[in-house]
Protein chains: 2
Amino acid sequence: MISFVEENYLKALFQLSGEDGEVNVKDLSEELGIKMSTVTSMMKKFAEKGLVHYESYRPLRLTGKGKKEAGLVLRKHRLTEMFLVERMGFGWEEVHEIAEQVEHVHAPAFFEKMSELLGHPKMDPHGSPIPDKEGNLEWKEYDKLSDCQPGDRFVLQAIMKSEDEFLAHLNKRDLRLGLELHVESVAPFDGSMQVNYEGRTGEVLSHTVCERLLGKRMGEVEELRVEG
Amino acid sequence: MISFVEENYLKALFQLSGEDGEVNVKDLSEELGIKMSTVTSMMKKFAEKGLVHYESYRPLRLTGKGKKEAGLVLRKHRLTEMFLVERMGFGWEEVHEIAEQVEHVHAPAFFEKMSELLGHPKMDPHGSPIPDKEGNLEWKEYDKLSDCQPGDRFVLQAIMKSEDEFLAHLNKRDLRLGLELHVESVAPFDGSMQVNYEGRTGEVLSHTVCERLLGKRMGEVEELRVEG
DNA sequence: CTAATAAGTTTTATTAATCAAACAAACTAT
DNA sequence: ATAGTTTGTTTGATTAATAAAACTTATTAG
């Protein structure tokens, strides 16, 4: 049986995984608010259980099994959030904390019922995907904001490597999932972008940030293209 | 903060408390499926925290604070059960297990929302009372089946000192909350009763059992009485 | 290329929850 | 009342999750 604590490690590993799937002990430690020494011991246990690939002094990587288990936790979290909003009348701000608790309930029928009552959603309302019953997450092909051109519109739907510090950075700029951005200009020198969105005008985002913002790119003339 | 495990001890203590409020270490141990030695140490900790009155070799008794905390756990459990049935479409048989998990969620707003959506019920559908937000259980004045006379009707609404062995005894006889019994006869010798209910005729219940079955007694002529 | 710094690991220790085994008190039945 | 049984306690050990401190490896800035 997978414990409360283990579920939290798994979820954090999953969310900190970037494109290469690598996670640093430090980031994991900070995300969970737990000392690195503790994380190291836990990761050795996880390696024993076949949940992560672990080698001393190298970054961590979830195994297939680890990804699946982590996906199941994320599924419980996202279904709970949606259920709280759509069926119980909570506001989106309130639900994260509650879902952090409910996601650790061991009762598959409970979450399947939620899924059923919500019409088996594959996405939450912000476009974040909900893993399926097997814990598999369909990684839809997101575009990166950093690949956009001046004039493009872009809907922010997911975040790569969402550790707390990064989320705080986005929060300070009122950037949240579901938002539509307009790319104003791109600096050829460092790849930083100037964008407009919901009230904010001329906000500058560094290339590092833009690379980690995922979503749907809609070029200026997209609507005019002919299919095929 | 009160832990998962502690909440289970509290709920069990509450449910095993009889009229005198006393609970044996043995019963608690069996109810929880935990060795007596472990229970003893835990009860010392509980005494430190002011949750039980503890003296070596004497029965346990919840303190006021203990009763309150236990009441809050029971509230979470009962509200969850009702919510699962009335708002999520589960059957009554399925919900106990799930509620055993959900009751340990630390999120007051979650349970208050359930209560609100259910119209702040004071009773669950079987007549078991739901403690209020402060954990206080309004001990309505139940009648005991053992105080009934031949000819009386009696609605079973609660059970005193509900340890597993006793519940199994009731289960074997298809006795469950919400049932209406008819008292056929009472043996003057040992106080055992012969009762009829839902299909069963002439079922004999010992005095010991009848003393622990609580509910509403409706004498033959109750309806004819004048108020005051 | 080093020296300094950052990241990661090891070792030792603590706390919570548990059990087994040995022991002690309380109850019971003749 | 006393022997036998049941109930409760103590002690010693175990496992999971954690931290502090000392140590090692990796990265980076001159």
# chains A, B, ... in the order shown; residues from 1 in each chain; ligands from 1
>>> residues_around(residues="range 85-90 of chain B", least_positions_apart="2", cutoff="9 Å", atoms="only C-alpha atoms (C1' of nucleotides)", output="MDAnalysis selection string")
(chainID A and resid 113:114 117) or (chainID B and resid 80:83 92:95 117:118)
>>> select_by_dssp(residues="range 9-215 of chain A", states="helix (DSSP H, G or I)", output="VMD selection string")
chain A and resid 9 to 16 25 to 32 36 to 48 64 to 88 92 to 102 108 to 117 145 to 147 164 to 172 207 to 211
>>> write_last_selection(atoms="C-alpha atoms", output="short mmCIF file (atom, residue, chain, number, x, y, z; two decimals), in the first residue's frame")
data_model
loop_
_atom_site.label_atom_id
_atom_site.label_comp_id
_atom_site.auth_asym_id
_atom_site.auth_seq_id
_atom_site.Cartn_x
_atom_site.Cartn_y
_atom_site.Cartn_z
CA TYR A 9 6.69 12.57 -3.12
CA LEU A 10 5.30 10.99 -6.28
CA LYS A 11 3.12 13.93 -7.16
CA ALA A 12 5.95 16.37 -6.62
CA LEU A 13 8.33 14.27 -8.72
CA PHE A 14 5.77 14.19 -11.48
CA GLN A 15 5.17 17.91 -11.45
CA LEU A 16 8.85 18.82 -11.33
CA VAL A 25 16.92 16.46 -5.02
CA LYS A 26 17.07 20.10 -4.05
CA ASP A 27 13.94 21.08 -5.97
CA LEU A 28 12.05 18.12 -4.61
CA SER A 29 13.19 18.95 -1.12
CA GLU A 30 12.02 22.55 -1.44
CA GLU A 31 8.73 21.64 -3.09
CA LEU A 32 7.89 19.30 -0.23
CA MET A 36 17.52 16.98 1.31
CA SER A 37 18.90 14.27 3.54
CA THR A 38 15.41 12.94 4.08
CA VAL A 39 14.66 13.10 0.39
CA THR A 40 17.79 11.11 -0.39
CA SER A 41 16.79 8.27 1.94
CA MET A 42 13.28 8.26 0.59
CA MET A 43 14.55 8.11 -2.98
CA LYS A 44 16.63 5.05 -2.10
CA LYS A 45 13.46 3.42 -0.83
CA PHE A 46 11.65 4.49 -4.01
CA ALA A 47 14.44 2.96 -6.09
CA GLU A 48 14.02 -0.34 -4.18
CA GLY A 64 7.30 3.83 -15.85
CA LYS A 65 5.73 2.43 -12.72
CA GLY A 66 6.52 5.63 -10.85
CA LYS A 67 4.90 7.75 -13.55
CA LYS A 68 1.81 5.60 -13.44
CA GLU A 69 1.48 5.82 -9.67
CA ALA A 70 2.11 9.55 -9.76
CA GLY A 71 -0.48 9.89 -12.50
CA LEU A 72 -3.05 8.18 -10.30
CA VAL A 73 -2.42 10.64 -7.50
CA LEU A 74 -2.69 13.56 -9.91
CA ARG A 75 -5.92 12.07 -11.24
CA LYS A 76 -7.39 11.97 -7.76
CA HIS A 77 -6.29 15.54 -7.18
CA ARG A 78 -7.71 16.96 -10.40
CA LEU A 79 -10.98 15.03 -10.22
CA THR A 80 -11.44 16.24 -6.66
CA GLU A 81 -10.81 19.83 -7.65
CA MET A 82 -13.33 19.64 -10.45
CA PHE A 83 -15.87 17.91 -8.27
CA LEU A 84 -15.52 20.53 -5.55
CA VAL A 85 -16.07 23.32 -8.06
CA GLU A 86 -18.70 21.82 -10.32
CA ARG A 87 -20.70 19.75 -7.88
CA MET A 88 -20.23 21.39 -4.53
CA TRP A 92 -11.37 27.68 -7.73
CA GLU A 93 -9.21 29.48 -5.17
CA GLU A 94 -10.54 27.38 -2.32
CA VAL A 95 -10.22 23.91 -3.75
CA HIS A 96 -6.49 23.28 -3.97
CA GLU A 97 -5.96 22.91 -0.22
CA ILE A 98 -8.93 20.61 0.19
CA ALA A 99 -7.89 18.47 -2.78
CA GLU A 100 -4.40 18.13 -1.26
CA GLN A 101 -6.09 16.19 1.51
CA VAL A 102 -8.77 14.31 -0.38
CA PRO A 108 -11.13 3.93 -6.01
CA ALA A 109 -14.93 3.80 -6.17
CA PHE A 110 -15.10 7.29 -4.69
CA PHE A 111 -13.01 8.83 -7.44
CA GLU A 112 -14.61 6.77 -10.20
CA LYS A 113 -17.96 8.08 -9.06
CA MET A 114 -16.65 11.63 -9.24
CA SER A 115 -15.36 10.97 -12.72
CA GLU A 116 -18.71 9.53 -13.74
CA LEU A 117 -20.71 12.42 -12.28
CA LEU A 145 5.13 30.33 -25.72
CA SER A 146 8.80 30.71 -26.61
CA ASP A 147 8.06 29.34 -30.11
CA ASP A 164 6.90 26.85 -6.04
CA GLU A 165 9.37 29.57 -6.91
CA PHE A 166 8.28 29.52 -10.54
CA LEU A 167 4.59 29.55 -9.65
CA ALA A 168 5.20 32.54 -7.39
CA HIS A 169 6.91 34.29 -10.30
CA LEU A 170 3.86 33.70 -12.50
CA ASN A 171 1.46 34.68 -9.74
CA LYS A 172 3.15 38.02 -9.26
CA HIS A 207 13.09 33.30 -22.48
CA THR A 208 13.55 30.92 -19.51
CA VAL A 209 9.99 31.62 -18.45
CA CYS A 210 8.53 31.46 -21.96
CA GLU A 211 10.05 28.04 -22.53
#
>>> residues_around(residues="DA25 in chain C", least_positions_apart="5", cutoff="10 Å", atoms="only C-alpha atoms (C1' of nucleotides)", output="list in words")
Ser56 and Tyr57 of chain B; DT7, DG8 and DT9 of chain D
>>> select_by_dssp(residues="chain A", states="strand (DSSP E)", output="compact mmCIF listing (two decimals) with N, CA and C atoms, in the first residue's frame")
# COMPACT_ATOMS: atom_id res chain seq x y z
N GLU A 22 14.00 14.81 -15.71
CA GLU A 22 14.91 14.85 -14.57
C GLU A 22 14.45 15.79 -13.47
N VAL A 23 14.71 15.38 -12.24
CA VAL A 23 14.33 16.17 -11.07
C VAL A 23 15.52 16.21 -10.12
N VAL A 52 11.61 5.07 -8.88
CA VAL A 52 12.52 6.03 -9.54
C VAL A 52 13.82 5.34 -9.95
N HIS A 53 14.48 5.92 -10.94
CA HIS A 53 15.86 5.56 -11.25
C HIS A 53 16.73 6.44 -10.37
N LEU A 60 17.15 12.67 -10.37
CA LEU A 60 16.17 11.58 -10.26
C LEU A 60 15.32 11.51 -11.52
N ARG A 61 14.84 10.30 -11.83
CA ARG A 61 13.87 10.15 -12.93
C ARG A 61 12.84 9.10 -12.54
N LEU A 62 11.58 9.43 -12.68
CA LEU A 62 10.53 8.45 -12.40
C LEU A 62 10.64 7.28 -13.38
N ASP A 143 2.14 23.67 -27.46
CA ASP A 143 3.10 24.60 -28.02
C ASP A 143 3.74 25.34 -26.86
N LYS A 144 4.98 25.79 -27.08
CA LYS A 144 5.62 26.64 -26.08
C LYS A 144 5.42 28.10 -26.45
N ARG A 153 -1.46 34.79 -31.01
CA ARG A 153 -2.20 34.66 -29.75
C ARG A 153 -1.82 33.30 -29.14
N PHE A 154 -1.92 33.19 -27.83
CA PHE A 154 -1.46 31.97 -27.16
C PHE A 154 -2.31 31.76 -25.90
N VAL A 155 -2.93 30.55 -25.79
CA VAL A 155 -3.71 30.25 -24.59
C VAL A 155 -2.86 29.38 -23.65
N LEU A 156 -2.64 29.89 -22.46
CA LEU A 156 -1.81 29.20 -21.47
C LEU A 156 -2.58 28.03 -20.86
N GLN A 157 -2.05 26.80 -21.03
CA GLN A 157 -2.80 25.63 -20.56
C GLN A 157 -2.04 24.75 -19.58
N ALA A 158 -0.73 24.84 -19.56
CA ALA A 158 0.02 23.98 -18.64
C ALA A 158 1.38 24.61 -18.38
N ILE A 159 2.06 24.07 -17.38
CA ILE A 159 3.33 24.65 -16.96
C ILE A 159 4.35 23.54 -16.82
N GLU A 180 -5.44 34.11 -22.15
CA GLU A 180 -5.00 34.29 -23.53
C GLU A 180 -4.02 35.46 -23.61
N LEU A 181 -2.84 35.19 -24.21
CA LEU A 181 -1.82 36.22 -24.33
C LEU A 181 -1.68 36.66 -25.78
N HIS A 182 -1.29 37.90 -25.98
CA HIS A 182 -0.93 38.38 -27.32
C HIS A 182 0.55 38.70 -27.31
N VAL A 183 1.28 38.12 -28.25
CA VAL A 183 2.71 38.38 -28.32
C VAL A 183 2.94 39.69 -29.07
N GLU A 184 3.54 40.65 -28.33
CA GLU A 184 3.75 41.97 -28.89
C GLU A 184 5.06 42.03 -29.68
N SER A 185 6.12 41.55 -29.04
CA SER A 185 7.43 41.59 -29.69
C SER A 185 8.36 40.57 -29.05
N VAL A 186 9.37 40.17 -29.80
CA VAL A 186 10.37 39.24 -29.29
C VAL A 186 11.74 39.87 -29.46
N MET A 193 10.24 38.12 -24.31
CA MET A 193 9.04 38.53 -25.05
C MET A 193 8.27 39.60 -24.31
N GLN A 194 7.64 40.45 -25.11
CA GLN A 194 6.74 41.43 -24.54
C GLN A 194 5.33 40.98 -24.90
N VAL A 195 4.47 40.81 -23.90
CA VAL A 195 3.13 40.28 -24.16
C VAL A 195 2.06 41.12 -23.49
N ASN A 196 0.84 41.02 -24.01
CA ASN A 196 -0.32 41.68 -23.40
C ASN A 196 -1.33 40.61 -22.99
N TYR A 197 -1.99 40.83 -21.91
CA TYR A 197 -3.07 39.92 -21.47
C TYR A 197 -3.88 40.57 -20.37
N ARG A 200 -2.95 43.65 -18.41
CA ARG A 200 -1.52 43.95 -18.44
C ARG A 200 -1.04 44.23 -19.86
N THR A 201 -0.26 45.25 -19.99
CA THR A 201 0.25 45.62 -21.31
C THR A 201 1.78 45.72 -21.24
N GLY A 202 2.42 45.14 -22.24
CA GLY A 202 3.87 45.28 -22.34
C GLY A 202 4.64 44.54 -21.27
N GLU A 203 4.03 43.54 -20.67
CA GLU A 203 4.72 42.72 -19.67
C GLU A 203 5.86 41.97 -20.36
N VAL A 204 7.04 42.00 -19.74
CA VAL A 204 8.19 41.33 -20.35
C VAL A 204 8.47 40.01 -19.64
N LEU A 205 8.56 38.94 -20.43
CA LEU A 205 8.84 37.61 -19.87
C LEU A 205 10.15 37.09 -20.45
N LEU A 213 6.15 27.85 -20.44
CA LEU A 213 4.72 28.10 -20.53
C LEU A 213 4.17 27.37 -21.74
N LEU A 214 3.24 26.44 -21.50
CA LEU A 214 2.72 25.58 -22.55
C LEU A 214 1.27 25.89 -22.85
N GLY A 215 0.88 25.64 -24.09
CA GLY A 215 -0.51 25.89 -24.43
C GLY A 215 -0.75 25.78 -25.92
N LYS A 216 -1.74 26.52 -26.37
CA LYS A 216 -2.12 26.47 -27.77
C LYS A 216 -1.72 27.77 -28.43
N ARG A 217 -0.90 27.64 -29.47
CA ARG A 217 -0.49 28.81 -30.23
C ARG A 217 -1.47 29.03 -31.36
N MET A 218 -1.92 30.26 -31.53
CA MET A 218 -2.81 30.55 -32.65
C MET A 218 -2.21 31.69 -33.45
>>> closest_residue(among="D:DT2, D:DT10, D:DT28, D:DT18", to="chain B", atoms="only C-alpha atoms (C1' of nucleotides)")
D:DT10
>>> interface_residues(of="chain D", to="chain A", cutoff="10 Å", atoms="only C-alpha atoms (C1' of nucleotides)", output="number ranges by chain")
D: 16-20, 24-26
>>> write_last_selection(atoms="N, CA and C atoms (P, O5', C5', C4', C3', O3' and C1' of nucleotides)", output="mmCIF file, in the first residue's frame")
data_model
loop_
_atom_site.group_PDB
_atom_site.id
_atom_site.type_symbol
_atom_site.label_atom_id
_atom_site.label_comp_id
_atom_site.auth_asym_id
_atom_site.auth_seq_id
_atom_site.Cartn_x
_atom_site.Cartn_y
_atom_site.Cartn_z
ATOM 1 P P DA D 16 9.183 0.216 6.843
ATOM 2 O "O5'" DA D 16 8.572 1.679 6.989
ATOM 3 C "C5'" DA D 16 7.257 1.838 7.493
ATOM 4 C "C4'" DA D 16 7.046 3.308 7.757
ATOM 5 C "C3'" DA D 16 7.633 4.231 6.683
ATOM 6 O "O3'" DA D 16 6.643 5.196 6.371
ATOM 7 C "C1'" DA D 16 8.496 4.806 8.811
ATOM 8 P P DA D 17 6.905 6.210 5.143
ATOM 9 O "O5'" DA D 17 7.450 7.508 5.896
ATOM 10 C "C5'" DA D 17 6.600 8.144 6.826
ATOM 11 C "C4'" DA D 17 7.361 9.248 7.528
ATOM 12 C "C3'" DA D 17 8.126 10.197 6.595
ATOM 13 O "O3'" DA D 17 7.652 11.516 6.825
ATOM 14 C "C1'" DA D 17 9.448 9.529 8.441
ATOM 15 P P DT D 18 8.127 12.713 5.896
ATOM 16 O "O5'" DT D 18 9.382 13.329 6.667
ATOM 17 C "C5'" DT D 18 9.144 14.136 7.811
ATOM 18 C "C4'" DT D 18 10.324 14.145 8.751
ATOM 19 C "C3'" DT D 18 11.556 14.901 8.297
ATOM 20 O "O3'" DT D 18 11.343 16.290 8.390
ATOM 21 C "C1'" DT D 18 12.028 13.048 9.750
ATOM 22 P P DA D 19 12.399 17.334 7.887
ATOM 23 O "O5'" DA D 19 13.511 17.310 9.032
ATOM 24 C "C5'" DA D 19 13.115 17.637 10.365
ATOM 25 C "C4'" DA D 19 14.348 17.653 11.249
ATOM 26 C "C3'" DA D 19 15.450 18.567 10.742
ATOM 27 O "O3'" DA D 19 15.947 19.313 11.833
ATOM 28 C "C1'" DA D 19 16.286 16.365 10.994
ATOM 29 P P DA D 20 16.971 20.542 11.564
ATOM 30 O "O5'" DA D 20 18.354 20.119 12.264
ATOM 31 C "C5'" DA D 20 18.354 19.243 13.382
ATOM 32 C "C4'" DA D 20 19.787 18.934 13.790
ATOM 33 C "C3'" DA D 20 20.836 19.949 13.330
ATOM 34 O "O3'" DA D 20 21.858 19.959 14.307
ATOM 35 C "C1'" DA D 20 21.230 17.885 12.262
ATOM 36 P P DT D 24 34.791 12.810 3.372
ATOM 37 O "O5'" DT D 24 33.779 12.898 2.154
ATOM 38 C "C5'" DT D 24 32.832 11.845 1.936
ATOM 39 C "C4'" DT D 24 32.191 12.053 0.578
ATOM 40 C "C3'" DT D 24 33.186 12.286 -0.563
ATOM 41 O "O3'" DT D 24 32.701 11.539 -1.658
ATOM 42 C "C1'" DT D 24 31.673 14.083 -0.458
ATOM 43 P P DT D 25 33.560 11.315 -2.977
ATOM 44 O "O5'" DT D 25 32.727 12.153 -4.051
ATOM 45 C "C5'" DT D 25 31.352 11.807 -4.270
ATOM 46 C "C4'" DT D 25 30.716 12.912 -5.075
ATOM 47 C "C3'" DT D 25 31.418 13.225 -6.399
ATOM 48 O "O3'" DT D 25 30.423 13.016 -7.382
ATOM 49 C "C1'" DT D 25 30.886 15.207 -5.207
ATOM 50 P P DA D 26 30.667 13.318 -8.930
ATOM 51 O "O5'" DA D 26 30.130 14.796 -9.100
ATOM 52 C "C5'" DA D 26 28.759 15.060 -8.821
ATOM 53 C "C4'" DA D 26 28.475 16.512 -9.108
ATOM 54 C "C3'" DA D 26 28.950 17.013 -10.474
ATOM 55 O "O3'" DA D 26 27.826 17.688 -11.020
ATOM 56 C "C1'" DA D 26 29.750 18.435 -8.760
#
>>> interface_residues(of="chain C", to="chain A", cutoff="12 Å", atoms="only C-alpha atoms (C1' of nucleotides)", output="list in words")
DA6, DA7, DG8, DT9, DT10 and DT11 of chain C
>>> atom_distance(atom1="CA of Glu138 in chain A", atom2="CA of Leu175 in chain A")
24.0 Å
>>> atom_distance(atom1="CA of Ser206 in chain B", atom2="C1' of DT6 in chain D")
24.1 Å
>>> atom_distance(atom1="CA of Pro125 in chain B", atom2="CA of Leu179 in chain B")
11.5 Å
